[in-house]
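Content type mmCIF, C-alpha atoms, from the file query-v5.cif:
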```
data_start
loop_
_atom_site.group_PDB
_atom_site.id
_atom_site.type_symbol
_atom_site.label_atom_id
_atom_site.label_comp_id
_atom_site.auth_asym_id
_atom_site.auth_seq_id
_atom_site.Cartn_x
_atom_site.Cartn_y
_atom_site.Cartn_z
ATOM 1 C CA MET F 15 303.404 9.539 -76.308
ATOM 2 C CA ARG F 16 301.650 9.519 -72.942
ATOM 3 C CA ILE F 17 299.570 12.519 -74.044
ATOM 4 C CA LEU F 18 298.479 10.707 -77.214
ATOM 5 C CA LEU F 19 297.536 7.608 -75.264
ATOM 6 C CA ALA F 20 295.605 9.718 -72.780
ATOM 7 C CA LEU F 21 293.680 11.448 -75.583
ATOM 8 C CA LEU F 22 292.911 8.096 -77.196
ATOM 9 C CA PHE F 23 291.645 6.760 -73.874
ATOM 10 C CA VAL F 24 289.402 9.794 -73.397
ATOM 11 C CA GLY F 25 288.051 9.348 -76.938
ATOM 12 C CA VAL F 26 287.258 5.675 -76.354
ATOM 13 C CA VAL F 27 285.484 6.423 -73.066
ATOM 14 C CA HIS F 28 283.542 9.246 -74.732
ATOM 15 C CA ALA F 29 282.466 6.903 -77.535
ATOM 16 C CA GLN F 30 281.329 4.241 -75.086
ATOM 17 C CA GLU F 31 279.060 6.753 -73.373
ATOM 18 C CA TYR F 32 277.981 8.537 -76.571
ATOM 19 C CA PRO F 33 275.302 9.757 -77.001
ATOM 20 C CA THR F 34 274.051 11.061 -73.668
ATOM 21 C CA LYS F 35 272.157 14.130 -74.928
ATOM 22 C CA THR F 36 270.426 15.659 -77.939
ATOM 23 C CA ILE F 37 272.182 15.360 -81.305
ATOM 24 C CA ARG F 38 271.704 18.242 -83.729
ATOM 25 C CA ILE F 39 271.938 17.578 -87.465
ATOM 26 C CA VAL F 40 272.391 20.697 -89.588
ATOM 27 C CA ILE F 41 271.217 20.400 -93.187
ATOM 28 C CA PRO F 42 272.466 23.393 -95.231
ATOM 29 C CA LEU F 43 269.713 22.945 -97.821
ATOM 30 C CA THR F 44 265.986 23.661 -97.985
ATOM 31 C CA THR F 45 263.303 21.506 -96.428
ATOM 32 C CA GLY F 46 262.199 18.868 -98.925
ATOM 33 C CA SER F 47 265.578 18.563 -100.633
ATOM 34 C CA GLY F 48 266.994 15.064 -101.102
ATOM 35 C CA ALA F 49 269.539 15.537 -98.331
ATOM 36 C CA ASP F 50 266.802 16.827 -96.042
ATOM 37 C CA ILE F 51 264.513 13.851 -96.658
ATOM 38 C CA ALA F 52 267.300 11.277 -96.331
ATOM 39 C CA GLY F 53 268.680 13.059 -93.264
ATOM 40 C CA ARG F 54 265.296 13.031 -91.538
ATOM 41 C CA ILE F 55 264.842 9.311 -92.164
ATOM 42 C CA ILE F 56 268.273 8.600 -90.664
ATOM 43 C CA ALA F 57 267.705 11.004 -87.746
ATOM 44 C CA ALA F 58 264.439 9.319 -86.780
ATOM 45 C CA ARG F 59 266.084 5.905 -86.648
ATOM 46 C CA MET F 60 269.124 7.240 -84.767
ATOM 47 C CA SER F 61 266.785 8.672 -82.150
ATOM 48 C CA GLU F 62 264.935 5.378 -81.808
ATOM 49 C CA HIS F 63 268.172 3.392 -81.696
ATOM 50 C CA TRP F 64 269.939 5.518 -79.088
ATOM 51 C CA LYS F 65 266.880 6.725 -77.138
ATOM 52 C CA GLN F 66 268.097 10.311 -77.476
ATOM 53 C CA PRO F 67 266.519 13.232 -79.360
ATOM 54 C CA VAL F 68 267.995 13.845 -82.821
ATOM 55 C CA ILE F 69 266.814 17.172 -84.193
ATOM 56 C CA ILE F 70 267.091 18.604 -87.701
ATOM 57 C CA GLU F 71 268.026 22.219 -88.338
ATOM 58 C CA ASN F 72 267.785 23.538 -91.918
ATOM 59 C CA ARG F 73 270.213 26.383 -92.636
ATOM 60 C CA PRO F 74 270.155 26.856 -96.437
ATOM 61 C CA GLY F 75 272.064 29.373 -98.497
ATOM 62 C CA ALA F 76 275.283 29.977 -100.460
ATOM 63 C CA GLY F 77 275.429 26.445 -101.826
ATOM 64 C CA GLY F 78 275.512 24.977 -98.339
ATOM 65 C CA GLN F 79 278.257 27.244 -97.008
ATOM 66 C CA ILE F 80 276.122 28.829 -94.267
ATOM 67 C CA GLY F 81 275.101 25.594 -92.589
ATOM 68 C CA THR F 82 278.493 23.973 -93.085
ATOM 69 C CA SER F 83 280.255 26.959 -91.505
ATOM 70 C CA ALA F 84 277.981 26.672 -88.465
ATOM 71 C CA VAL F 85 278.870 23.005 -88.013
ATOM 72 C CA ILE F 86 282.642 23.424 -88.221
ATOM 73 C CA LYS F 87 282.482 26.126 -85.541
ATOM 74 C CA SER F 88 280.652 23.827 -83.130
ATOM 75 C CA GLU F 89 282.162 21.654 -80.406
ATOM 76 C CA PRO F 90 283.784 18.561 -81.990
ATOM 77 C CA ASP F 91 282.023 16.103 -79.711
ATOM 78 C CA GLY F 92 279.655 14.302 -82.082
ATOM 79 C CA TYR F 93 276.578 16.258 -80.997
ATOM 80 C CA THR F 94 276.526 18.627 -83.985
ATOM 81 C CA LEU F 95 276.607 16.925 -87.376
ATOM 82 C CA LEU F 96 276.258 17.955 -91.007
ATOM 83 C CA VAL F 97 274.124 16.163 -93.593
ATOM 84 C CA GLN F 98 274.771 17.558 -97.042
ATOM 85 C CA SER F 99 274.530 16.496 -100.671
ATOM 86 C CA SER F 100 277.405 16.070 -103.106
ATOM 87 C CA SER F 101 277.472 19.879 -103.241
ATOM 88 C CA HIS F 102 279.966 19.456 -100.378
ATOM 89 C CA ALA F 103 282.381 18.099 -102.991
ATOM 90 C CA ALA F 104 281.285 20.498 -105.732
ATOM 91 C CA ASN F 105 281.855 23.730 -103.797
ATOM 92 C CA PRO F 106 285.692 23.620 -103.868
ATOM 93 C CA ALA F 107 285.510 23.521 -107.664
ATOM 94 C CA ILE F 108 283.120 26.430 -108.123
ATOM 95 C CA TYR F 109 284.293 28.873 -105.450
ATOM 96 C CA LYS F 110 287.711 30.546 -105.414
ATOM 97 C CA SER F 111 287.590 30.561 -101.640
ATOM 98 C CA LEU F 112 285.345 29.034 -99.012
ATOM 99 C CA PRO F 113 284.926 30.052 -95.361
ATOM 100 C CA TYR F 114 286.105 26.545 -94.487
ATOM 101 C CA ASP F 115 288.307 23.771 -95.864
ATOM 102 C CA PRO F 116 286.086 20.736 -96.620
ATOM 103 C CA LEU F 117 289.054 18.387 -96.221
ATOM 104 C CA LYS F 118 290.596 19.875 -93.082
ATOM 105 C CA ASP F 119 287.653 21.362 -91.173
ATOM 106 C CA THR F 120 285.317 18.370 -91.414
ATOM 107 C CA VAL F 121 285.690 14.640 -90.871
ATOM 108 C CA ASP F 122 283.900 12.279 -93.257
ATOM 109 C CA VAL F 123 281.467 10.133 -91.254
ATOM 110 C CA ALA F 124 279.226 8.155 -93.614
ATOM 111 C CA ILE F 125 277.430 8.113 -96.934
ATOM 112 C CA LEU F 126 273.643 7.889 -96.717
ATOM 113 C CA GLY F 127 272.868 6.936 -100.299
ATOM 114 C CA LYS F 128 273.107 7.712 -104.000
ATOM 115 C CA THR F 129 270.474 8.769 -106.526
ATOM 116 C CA PRO F 130 270.272 9.987 -110.157
ATOM 117 C CA TYR F 131 269.260 13.419 -111.361
ATOM 118 C CA VAL F 132 266.408 13.726 -113.818
ATOM 119 C CA MET F 133 266.573 16.559 -116.335
ATOM 120 C CA VAL F 134 263.080 18.088 -116.332
ATOM 121 C CA THR F 135 261.183 20.678 -118.338
ATOM 122 C CA ALA F 136 257.576 21.915 -118.214
ATOM 123 C CA ALA F 137 255.243 19.389 -119.851
ATOM 124 C CA SER F 138 253.220 22.316 -121.229
ATOM 125 C CA GLY F 139 256.343 23.857 -122.752
ATOM 126 C CA PRO F 140 257.927 23.502 -126.192
ATOM 127 C CA TYR F 141 260.511 20.820 -125.353
ATOM 128 C CA LYS F 142 259.199 17.299 -125.700
ATOM 129 C CA ASP F 143 262.548 15.538 -125.652
ATOM 130 C CA LEU F 144 266.246 16.270 -125.160
ATOM 131 C CA LYS F 145 266.875 16.842 -128.869
ATOM 132 C CA SER F 146 264.219 19.560 -129.159
ATOM 133 C CA LEU F 147 265.722 21.471 -126.228
ATOM 134 C CA ILE F 148 269.258 21.168 -127.608
ATOM 135 C CA ASP F 149 268.108 22.307 -131.056
ATOM 136 C CA ALA F 150 266.322 25.327 -129.561
ATOM 137 C CA ALA F 151 269.344 26.287 -127.457
ATOM 138 C CA LYS F 152 271.633 26.073 -130.500
ATOM 139 C CA LYS F 153 269.337 28.360 -132.471
ATOM 140 C CA GLN F 154 269.400 30.948 -129.640
ATOM 141 C CA PRO F 155 272.936 30.883 -128.154
ATOM 142 C CA GLY F 156 273.032 32.504 -124.718
ATOM 143 C CA ALA F 157 269.288 33.190 -124.648
ATOM 144 C CA LEU F 158 267.621 30.240 -122.898
ATOM 145 C CA PRO F 159 267.786 30.066 -119.080
ATOM 146 C CA PHE F 160 268.238 26.957 -116.946
ATOM 147 C CA ALA F 161 267.569 26.649 -113.232
ATOM 148 C CA SER F 162 269.690 25.287 -110.390
ATOM 149 C CA ALA F 163 269.393 24.928 -106.618
ATOM 150 C CA GLY F 164 272.163 27.500 -106.205
ATOM 151 C CA ILE F 165 275.554 28.538 -107.528
ATOM 152 C CA GLY F 166 278.064 25.756 -107.005
ATOM 153 C CA THR F 167 275.499 23.154 -106.042
ATOM 154 C CA SER F 168 275.701 19.742 -107.643
ATOM 155 C CA THR F 169 272.497 20.537 -109.590
ATOM 156 C CA HIS F 170 274.296 23.533 -111.088
ATOM 157 C CA LEU F 171 277.365 21.545 -112.153
ATOM 158 C CA ALA F 172 275.291 18.617 -113.432
ATOM 159 C CA ALA F 173 273.491 21.078 -115.711
ATOM 160 C CA GLU F 174 276.698 22.789 -116.800
ATOM 161 C CA TYR F 175 278.081 19.388 -117.760
ATOM 162 C CA VAL F 176 275.052 18.768 -120.008
ATOM 163 C CA ILE F 177 275.502 22.181 -121.590
ATOM 164 C CA ALA F 178 279.226 21.609 -122.175
ATOM 165 C CA MET F 179 278.750 18.141 -123.688
ATOM 166 C CA ALA F 180 275.972 19.389 -125.978
ATOM 167 C CA GLY F 181 278.011 22.450 -127.016
ATOM 168 C CA LEU F 182 275.436 24.971 -125.820
ATOM 169 C CA LYS F 183 275.408 28.458 -124.316
ATOM 170 C CA MET F 184 272.653 29.113 -121.773
ATOM 171 C CA ILE F 185 271.869 31.481 -118.884
ATOM 172 C CA HIS F 186 272.197 30.177 -115.344
ATOM 173 C CA VAL F 187 269.371 31.121 -112.942
ATOM 174 C CA PRO F 188 270.244 29.996 -109.387
ATOM 175 C CA PHE F 189 267.665 29.484 -106.644
ATOM 176 C CA LYS F 190 267.860 28.590 -102.946
ATOM 177 C CA GLY F 191 266.730 25.007 -103.453
ATOM 178 C CA SER F 192 264.868 22.463 -105.559
ATOM 179 C CA PRO F 193 261.317 23.666 -104.747
ATOM 180 C CA ASP F 194 261.956 27.165 -106.151
ATOM 181 C CA ALA F 195 263.889 25.847 -109.146
ATOM 182 C CA ILE F 196 261.108 23.411 -110.014
ATOM 183 C CA GLN F 197 258.463 26.132 -109.703
ATOM 184 C CA ASP F 198 260.443 28.250 -112.159
ATOM 185 C CA VAL F 199 260.538 25.378 -114.649
ATOM 186 C CA LEU F 200 256.839 24.592 -114.143
ATOM 187 C CA GLY F 201 256.092 28.246 -114.877
ATOM 188 C CA GLY F 202 257.980 27.987 -118.145
ATOM 189 C CA ARG F 203 260.548 30.603 -117.182
ATOM 190 C CA SER F 204 263.549 28.235 -117.175
ATOM 191 C CA ALA F 205 264.052 25.655 -119.895
ATOM 192 C CA PHE F 206 265.211 22.865 -117.597
ATOM 193 C CA TYR F 207 266.439 21.805 -114.174
ATOM 194 C CA MET F 208 268.615 18.848 -113.204
ATOM 195 C CA ALA F 209 266.337 17.734 -110.390
ATOM 196 C CA PRO F 210 267.265 15.166 -107.768
ATOM 197 C CA ILE F 211 265.031 12.302 -108.822
ATOM 198 C CA ASN F 212 263.024 12.332 -105.598
ATOM 199 C CA ALA F 213 262.165 16.004 -106.203
ATOM 200 C CA GLY F 214 261.042 15.573 -109.801
ATOM 201 C CA MET F 215 259.695 12.060 -110.258
ATOM 202 C CA ASN F 216 256.135 12.581 -108.986
ATOM 203 C CA LEU F 217 255.661 15.656 -111.159
ATOM 204 C CA VAL F 218 256.931 13.645 -114.133
ATOM 205 C CA LYS F 219 254.530 10.794 -113.299
ATOM 206 C CA ASP F 220 251.675 13.284 -112.921
ATOM 207 C CA GLY F 221 252.412 14.739 -116.356
ATOM 208 C CA LYS F 222 253.325 18.211 -115.100
ATOM 209 C CA LEU F 223 257.005 17.873 -115.948
ATOM 210 C CA THR F 224 258.638 16.033 -118.836
ATOM 211 C CA GLY F 225 261.645 13.910 -117.993
ATOM 212 C CA LEU F 226 264.215 14.633 -120.688
ATOM 213 C CA GLY F 227 266.764 12.175 -119.343
ATOM 214 C CA VAL F 228 268.340 10.652 -116.250
ATOM 215 C CA SER F 229 271.948 11.309 -115.363
ATOM 216 C CA THR F 230 273.283 7.801 -114.730
ATOM 217 C CA HIS F 231 274.448 5.139 -117.208
ATOM 218 C CA THR F 232 271.434 2.984 -116.387
ATOM 219 C CA ARG F 233 267.795 4.034 -116.210
ATOM 220 C CA ALA F 234 266.187 4.761 -112.848
ATOM 221 C CA GLU F 235 263.722 2.153 -111.604
ATOM 222 C CA VAL F 236 261.308 4.842 -110.378
ATOM 223 C CA LEU F 237 261.236 6.459 -113.863
ATOM 224 C CA ALA F 238 261.903 3.473 -116.085
ATOM 225 C CA ASN F 239 260.386 5.131 -119.165
ATOM 226 C CA VAL F 240 262.778 8.086 -119.070
ATOM 227 C CA PRO F 241 265.905 7.370 -121.146
ATOM 228 C CA THR F 242 269.389 8.191 -119.936
ATOM 229 C CA LEU F 243 271.241 11.208 -121.281
ATOM 230 C CA ASP F 244 273.985 8.850 -122.388
ATOM 231 C CA GLU F 245 271.689 6.770 -124.596
ATOM 232 C CA GLN F 246 270.368 9.956 -126.225
ATOM 233 C CA GLY F 247 273.753 10.999 -127.528
ATOM 234 C CA LEU F 248 275.561 12.581 -124.577
ATOM 235 C CA ARG F 249 277.969 9.652 -124.522
ATOM 236 C CA GLY F 250 279.764 9.156 -121.249
ATOM 237 C CA TYR F 251 277.479 11.404 -119.236
ATOM 238 C CA ASP F 252 277.219 9.810 -115.812
ATOM 239 C CA MET F 253 276.641 11.875 -112.681
ATOM 240 C CA THR F 254 275.207 10.702 -109.383
ATOM 241 C CA LEU F 255 273.787 12.784 -106.572
ATOM 242 C CA TRP F 256 274.764 11.466 -103.159
ATOM 243 C CA PHE F 257 274.141 12.407 -99.537
ATOM 244 C CA GLY F 258 276.619 12.192 -96.689
ATOM 245 C CA MET F 259 277.246 12.950 -93.036
ATOM 246 C CA TRP F 260 280.152 14.936 -91.626
ATOM 247 C CA ALA F 261 281.335 16.082 -88.209
ATOM 248 C CA PRO F 262 283.663 18.913 -87.176
ATOM 249 C CA ALA F 263 287.374 18.159 -87.408
ATOM 250 C CA ALA F 264 288.856 16.832 -84.142
ATOM 251 C CA THR F 265 285.734 14.814 -83.365
ATOM 252 C CA PRO F 266 287.095 11.728 -81.560
ATOM 253 C CA LEU F 267 287.698 8.874 -83.995
ATOM 254 C CA PRO F 268 285.819 6.341 -81.824
ATOM 255 C CA VAL F 269 282.743 8.598 -81.982
ATOM 256 C CA VAL F 270 283.084 8.893 -85.760
ATOM 257 C CA ARG F 271 283.265 5.119 -86.044
ATOM 258 C CA LYS F 272 280.231 4.689 -83.808
ATOM 259 C CA LEU F 273 278.253 7.092 -85.986
ATOM 260 C CA ASN F 274 279.457 5.357 -89.150
ATOM 261 C CA GLU F 275 278.417 1.947 -87.852
ATOM 262 C CA ALA F 276 275.004 3.313 -86.854
ATOM 263 C CA VAL F 277 274.340 4.926 -90.242
ATOM 264 C CA ASN F 278 275.509 1.836 -92.151
ATOM 265 C CA ALA F 279 273.210 -0.350 -90.055
ATOM 266 C CA ILE F 280 270.249 2.008 -90.478
ATOM 267 C CA VAL F 281 270.481 2.266 -94.287
ATOM 268 C CA SER F 282 270.597 -1.545 -94.445
ATOM 269 C CA GLU F 283 267.341 -1.962 -92.509
ATOM 270 C CA PRO F 284 264.502 -3.293 -94.727
ATOM 271 C CA ASN F 285 262.144 -0.467 -93.733
ATOM 272 C CA VAL F 286 264.687 2.236 -94.507
ATOM 273 C CA LYS F 287 265.711 0.555 -97.755
ATOM 274 C CA ASP F 288 262.040 0.522 -98.751
ATOM 275 C CA GLN F 289 261.645 4.230 -97.935
ATOM 276 C CA PHE F 290 264.800 5.034 -99.875
ATOM 277 C CA SER F 291 263.730 2.906 -102.840
ATOM 278 C CA LYS F 292 260.479 4.835 -103.213
ATOM 279 C CA LEU F 293 262.562 8.011 -103.398
ATOM 280 C CA GLY F 294 265.004 6.575 -105.935
ATOM 281 C CA ILE F 295 267.810 6.524 -103.318
ATOM 282 C CA HIS F 296 270.121 3.520 -103.139
ATOM 283 C CA PRO F 297 272.097 2.767 -99.948
ATOM 284 C CA ALA F 298 275.849 2.565 -100.478
ATOM 285 C CA PRO F 299 277.337 1.910 -97.013
ATOM 286 C CA MET F 300 281.082 2.464 -96.573
ATOM 287 C CA LYS F 301 283.504 2.625 -93.684
ATOM 288 C CA SER F 302 284.404 6.206 -92.772
ATOM 289 C CA GLU F 303 287.893 5.903 -94.276
ATOM 290 C CA ASP F 304 286.434 4.652 -97.578
ATOM 291 C CA PHE F 305 283.900 7.476 -97.574
ATOM 292 C CA ALA F 306 286.788 9.918 -97.101
ATOM 293 C CA LYS F 307 288.478 8.517 -100.224
ATOM 294 C CA PHE F 308 285.182 8.714 -102.112
ATOM 295 C CA VAL F 309 284.676 12.377 -101.167
ATOM 296 C CA ARG F 310 288.165 13.260 -102.394
ATOM 297 C CA SER F 311 287.577 11.460 -105.684
ATOM 298 C CA GLU F 312 284.292 13.341 -106.134
ATOM 299 C CA ILE F 313 286.017 16.679 -105.543
ATOM 300 C CA GLU F 314 288.281 15.832 -108.483
ATOM 301 C CA VAL F 315 285.276 14.818 -110.613
ATOM 302 C CA TYR F 316 283.653 18.219 -110.075
ATOM 303 C CA ARG F 317 286.907 20.022 -110.809
ATOM 304 C CA LYS F 318 287.023 18.221 -114.150
ATOM 305 C CA VAL F 319 283.406 19.208 -114.842
ATOM 306 C CA VAL F 320 284.175 22.850 -114.086
ATOM 307 C CA ARG F 321 287.156 22.779 -116.440
ATOM 308 C CA ALA F 322 285.189 20.989 -119.185
ATOM 309 C CA ALA F 323 282.362 23.519 -118.908
ATOM 310 C CA ASN F 324 284.778 26.494 -118.813
ATOM 311 C CA ILE F 325 283.116 27.764 -115.651
ATOM 312 C CA GLU F 326 284.853 30.706 -114.048
ATOM 313 C CA PRO F 327 285.089 30.076 -110.279
ATOM 314 C CA GLN F 328 282.971 32.514 -108.270
#
```
Once you've parsed the file, please lay out its structure as structure tokens.
Amino acid sequence: MRILLALLFVGVVHAQEYPTKTIRIVIPLTTGSGADIAGRIIAARMSEHWKQPVIIENRPGAGGQIGTSAVIKSEPDGYTLLVQSSSHAANPAIYKSLPYDPLKDTVDVAILGKTPYVMVTAASGPYKDLKSLIDAAKKQPGALPFASAGIGTSTHLAAEYVIAMAGLKMIHVPFKGSPDAIQDVLGGRSAFYMAPINAGMNLVKDGKLTGLGVSTHTRAEVLANVPTLDEQGLRGYDMTLWFGMWAPAATPLPVVRKLNEAVNAIVSEPNVKDQFSKLGIHPAPMKSEDFAKFVRSEIEVYRKVVRAANIEPQ
């Protein structure tokens, strides 16, 4: 009992002093991804708020496994953090084994925001709406390719869910991130990509990509003319991309709470809300314990998607 009290006291003192040095945020995705953009906005405000440097380190690859593995091996003191997309919850469903346990090796700190996907295809290509793509895929079972930001990423599973609901067979072409996947679609090599809305909306507005549908039940304000997948016949389709922050397991709870309070305050600031809104990201602040419950519920959602799509775990 005395040992537990002593550890708690040390954690409280540490939190009161925290932060006293540079904070490193590892983003296991490519520069320009939704998690990267949201993470950089939060990092800048954290640095201003605490008067300490907050640096971003991109370590993409293997659906986020490389960067995540680096974070869980770091000192659990609050100075190395992970900002990742909902792929953090998707990976347990798509991989037979991971080099870490997302529930035991990380602690859920805060959610940064939520955003829809937009299903995009080349505007110069043959698919002018969702129906024309579905019809073409049904005529050529197993022939048409679709792009993703990597095996096991949320963009992969969001696409597989479309394919399963529409009763299609298509070829998966994984890339290392949204920029490469979008370039493949723009070049007409892949039929579609479930792009995070911030990554695809400007190209849709510029007429280079066609928005075939958004992934949520309601239309996205930033692409109000693009119908939802649900309203086009994929009844019940509703998937949201979200971004979160994690720390290594054993990070002192008072530090986790301090980080959670900081992130929740930052995403509620008018300037940050405005930046997020222009990117199609909506703040959804939660206490760390509620975020933990949310992450676990999302893991189950992706497991159901994998089963529905008959995806064989990698």
With a cut-off of 10 Å, could you pull out the residues of range 248-289 of chain F touching range 177-197 of chain F and give me the nearest pair of atoms for each, distance in Å to one decimal, using all atoms listed in the file, ordered by chain and ascending number, as CSV?
```
residue,atom,partner,partner_atom,distance
F:Leu248,CA,F:Met179,CA,6.5
F:Arg249,CA,F:Met179,CA,8.6
F:Gly250,CA,F:Met179,CA,9.4
F:Tyr251,CA,F:Met179,CA,8.2
```
Select, from F:Met215, F:Met259, F:Ala137, F:Val286, the residue with the minimum atom-to-atom distance to Ala49 in chain F, counting only C-alpha atoms.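 Of F:Met215, F:Met259, F:Ala137, F:Val286, the one nearest Ala49 in chain F, counting only C-alpha atoms, is F:Met259.
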Apply the PyMOL selection byres ((chain F and resi 52) around 9) to the structure shown and report the selected residues as a list in words. Ser47, Gly48, Ala49, Asp50, Ile51, Gly53, Arg54, Ile55, Ile56, Ala57, Val97, Leu126, Gly127, Phe257, Phe290 and Ile295 of chain F
Using only C-alpha atoms, which residue out of F:Met253, F:Ala58, F:Ile148, F:Leu217 lies closest to Ser229 in chain F? F:Met253
Between F:Ser302, F:Asn212, F:Ser99, F:Ser162, which one has atoms that come closest to Lys272 in chain F, using only C-alpha atoms?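 Smallest distance to Lys272 in chain F is found for F:Ser302.
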In Å to one decimal, how far is CA of Glu71 in chain F from CA of Thr254 in chain F? 25.0 Å
What residues come out when you apply the PyMOL selection byres ((chain F and resi 276) around 12) to this file, written as a PyMOL selection string? chain F and resi 32-33+56-57+59-64+123-126+259+269-275+277-283+299-302
Separation of CA of Val132 in chain F and CA of Tyr316 in chain F, in Å?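 According to the coordinates, CA of Val132 in chain F and CA of Tyr316 in chain F are separated by 18.2 Å.
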Quick one: everything within 12 Å of Val85 in chain F, counting only C-alpha atoms, minus sequence neighbours fewer than 4 positions away in the same chain. Send it as a PDB file with C-alpha atoms, in the coordinates of the input.
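After the write, result.pdb holds the following:
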```
ATOM      1  CA  ARG F  38     271.704  18.242 -83.729  1.00  0.00           C
ATOM      2  CA  ILE F  39     271.938  17.578 -87.465  1.00  0.00           C
ATOM      3  CA  VAL F  40     272.391  20.697 -89.588  1.00  0.00           C
ATOM      4  CA  ILE F  41     271.217  20.400 -93.187  1.00  0.00           C
ATOM      5  CA  PRO F  42     272.466  23.393 -95.231  1.00  0.00           C
ATOM      6  CA  GLU F  71     268.026  22.219 -88.338  1.00  0.00           C
ATOM      7  CA  ASN F  72     267.785  23.538 -91.918  1.00  0.00           C
ATOM      8  CA  ARG F  73     270.213  26.383 -92.636  1.00  0.00           C
ATOM      9  CA  GLY F  78     275.512  24.977 -98.339  1.00  0.00           C
ATOM     10  CA  GLN F  79     278.257  27.244 -97.008  1.00  0.00           C
ATOM     11  CA  ILE F  80     276.122  28.829 -94.267  1.00  0.00           C
ATOM     12  CA  GLY F  81     275.101  25.594 -92.589  1.00  0.00           C
ATOM     13  CA  GLU F  89     282.162  21.654 -80.406  1.00  0.00           C
ATOM     14  CA  PRO F  90     283.784  18.561 -81.990  1.00  0.00           C
ATOM     15  CA  ASP F  91     282.023  16.103 -79.711  1.00  0.00           C
ATOM     16  CA  GLY F  92     279.655  14.302 -82.082  1.00  0.00           C
ATOM     17  CA  TYR F  93     276.578  16.258 -80.997  1.00  0.00           C
ATOM     18  CA  THR F  94     276.526  18.627 -83.985  1.00  0.00           C
ATOM     19  CA  LEU F  95     276.607  16.925 -87.376  1.00  0.00           C
ATOM     20  CA  LEU F  96     276.258  17.955 -91.007  1.00  0.00           C
ATOM     21  CA  VAL F  97     274.124  16.163 -93.593  1.00  0.00           C
ATOM     22  CA  GLN F  98     274.771  17.558 -97.042  1.00  0.00           C
ATOM     23  CA  PRO F 113     284.926  30.052 -95.361  1.00  0.00           C
ATOM     24  CA  TYR F 114     286.105  26.545 -94.487  1.00  0.00           C
ATOM     25  CA  PRO F 116     286.086  20.736 -96.620  1.00  0.00           C
ATOM     26  CA  ASP F 119     287.653  21.362 -91.173  1.00  0.00           C
ATOM     27  CA  THR F 120     285.317  18.370 -91.414  1.00  0.00           C
ATOM     28  CA  VAL F 121     285.690  14.640 -90.871  1.00  0.00           C
ATOM     29  CA  MET F 259     277.246  12.950 -93.036  1.00  0.00           C
ATOM     30  CA  TRP F 260     280.152  14.936 -91.626  1.00  0.00           C
ATOM     31  CA  ALA F 261     281.335  16.082 -88.209  1.00  0.00           C
ATOM     32  CA  PRO F 262     283.663  18.913 -87.176  1.00  0.00           C
ATOM     33  CA  ALA F 263     287.374  18.159 -87.408  1.00  0.00           C
ATOM     34  CA  THR F 265     285.734  14.814 -83.365  1.00  0.00           C
TER      35      THR F 265
END
```
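Residue nearest Asn105 in chain F, chosen from F:Gly214, F:Gly247, F:Pro297, F:Pro327 and counting all atoms listed in the file: F:Pro327.
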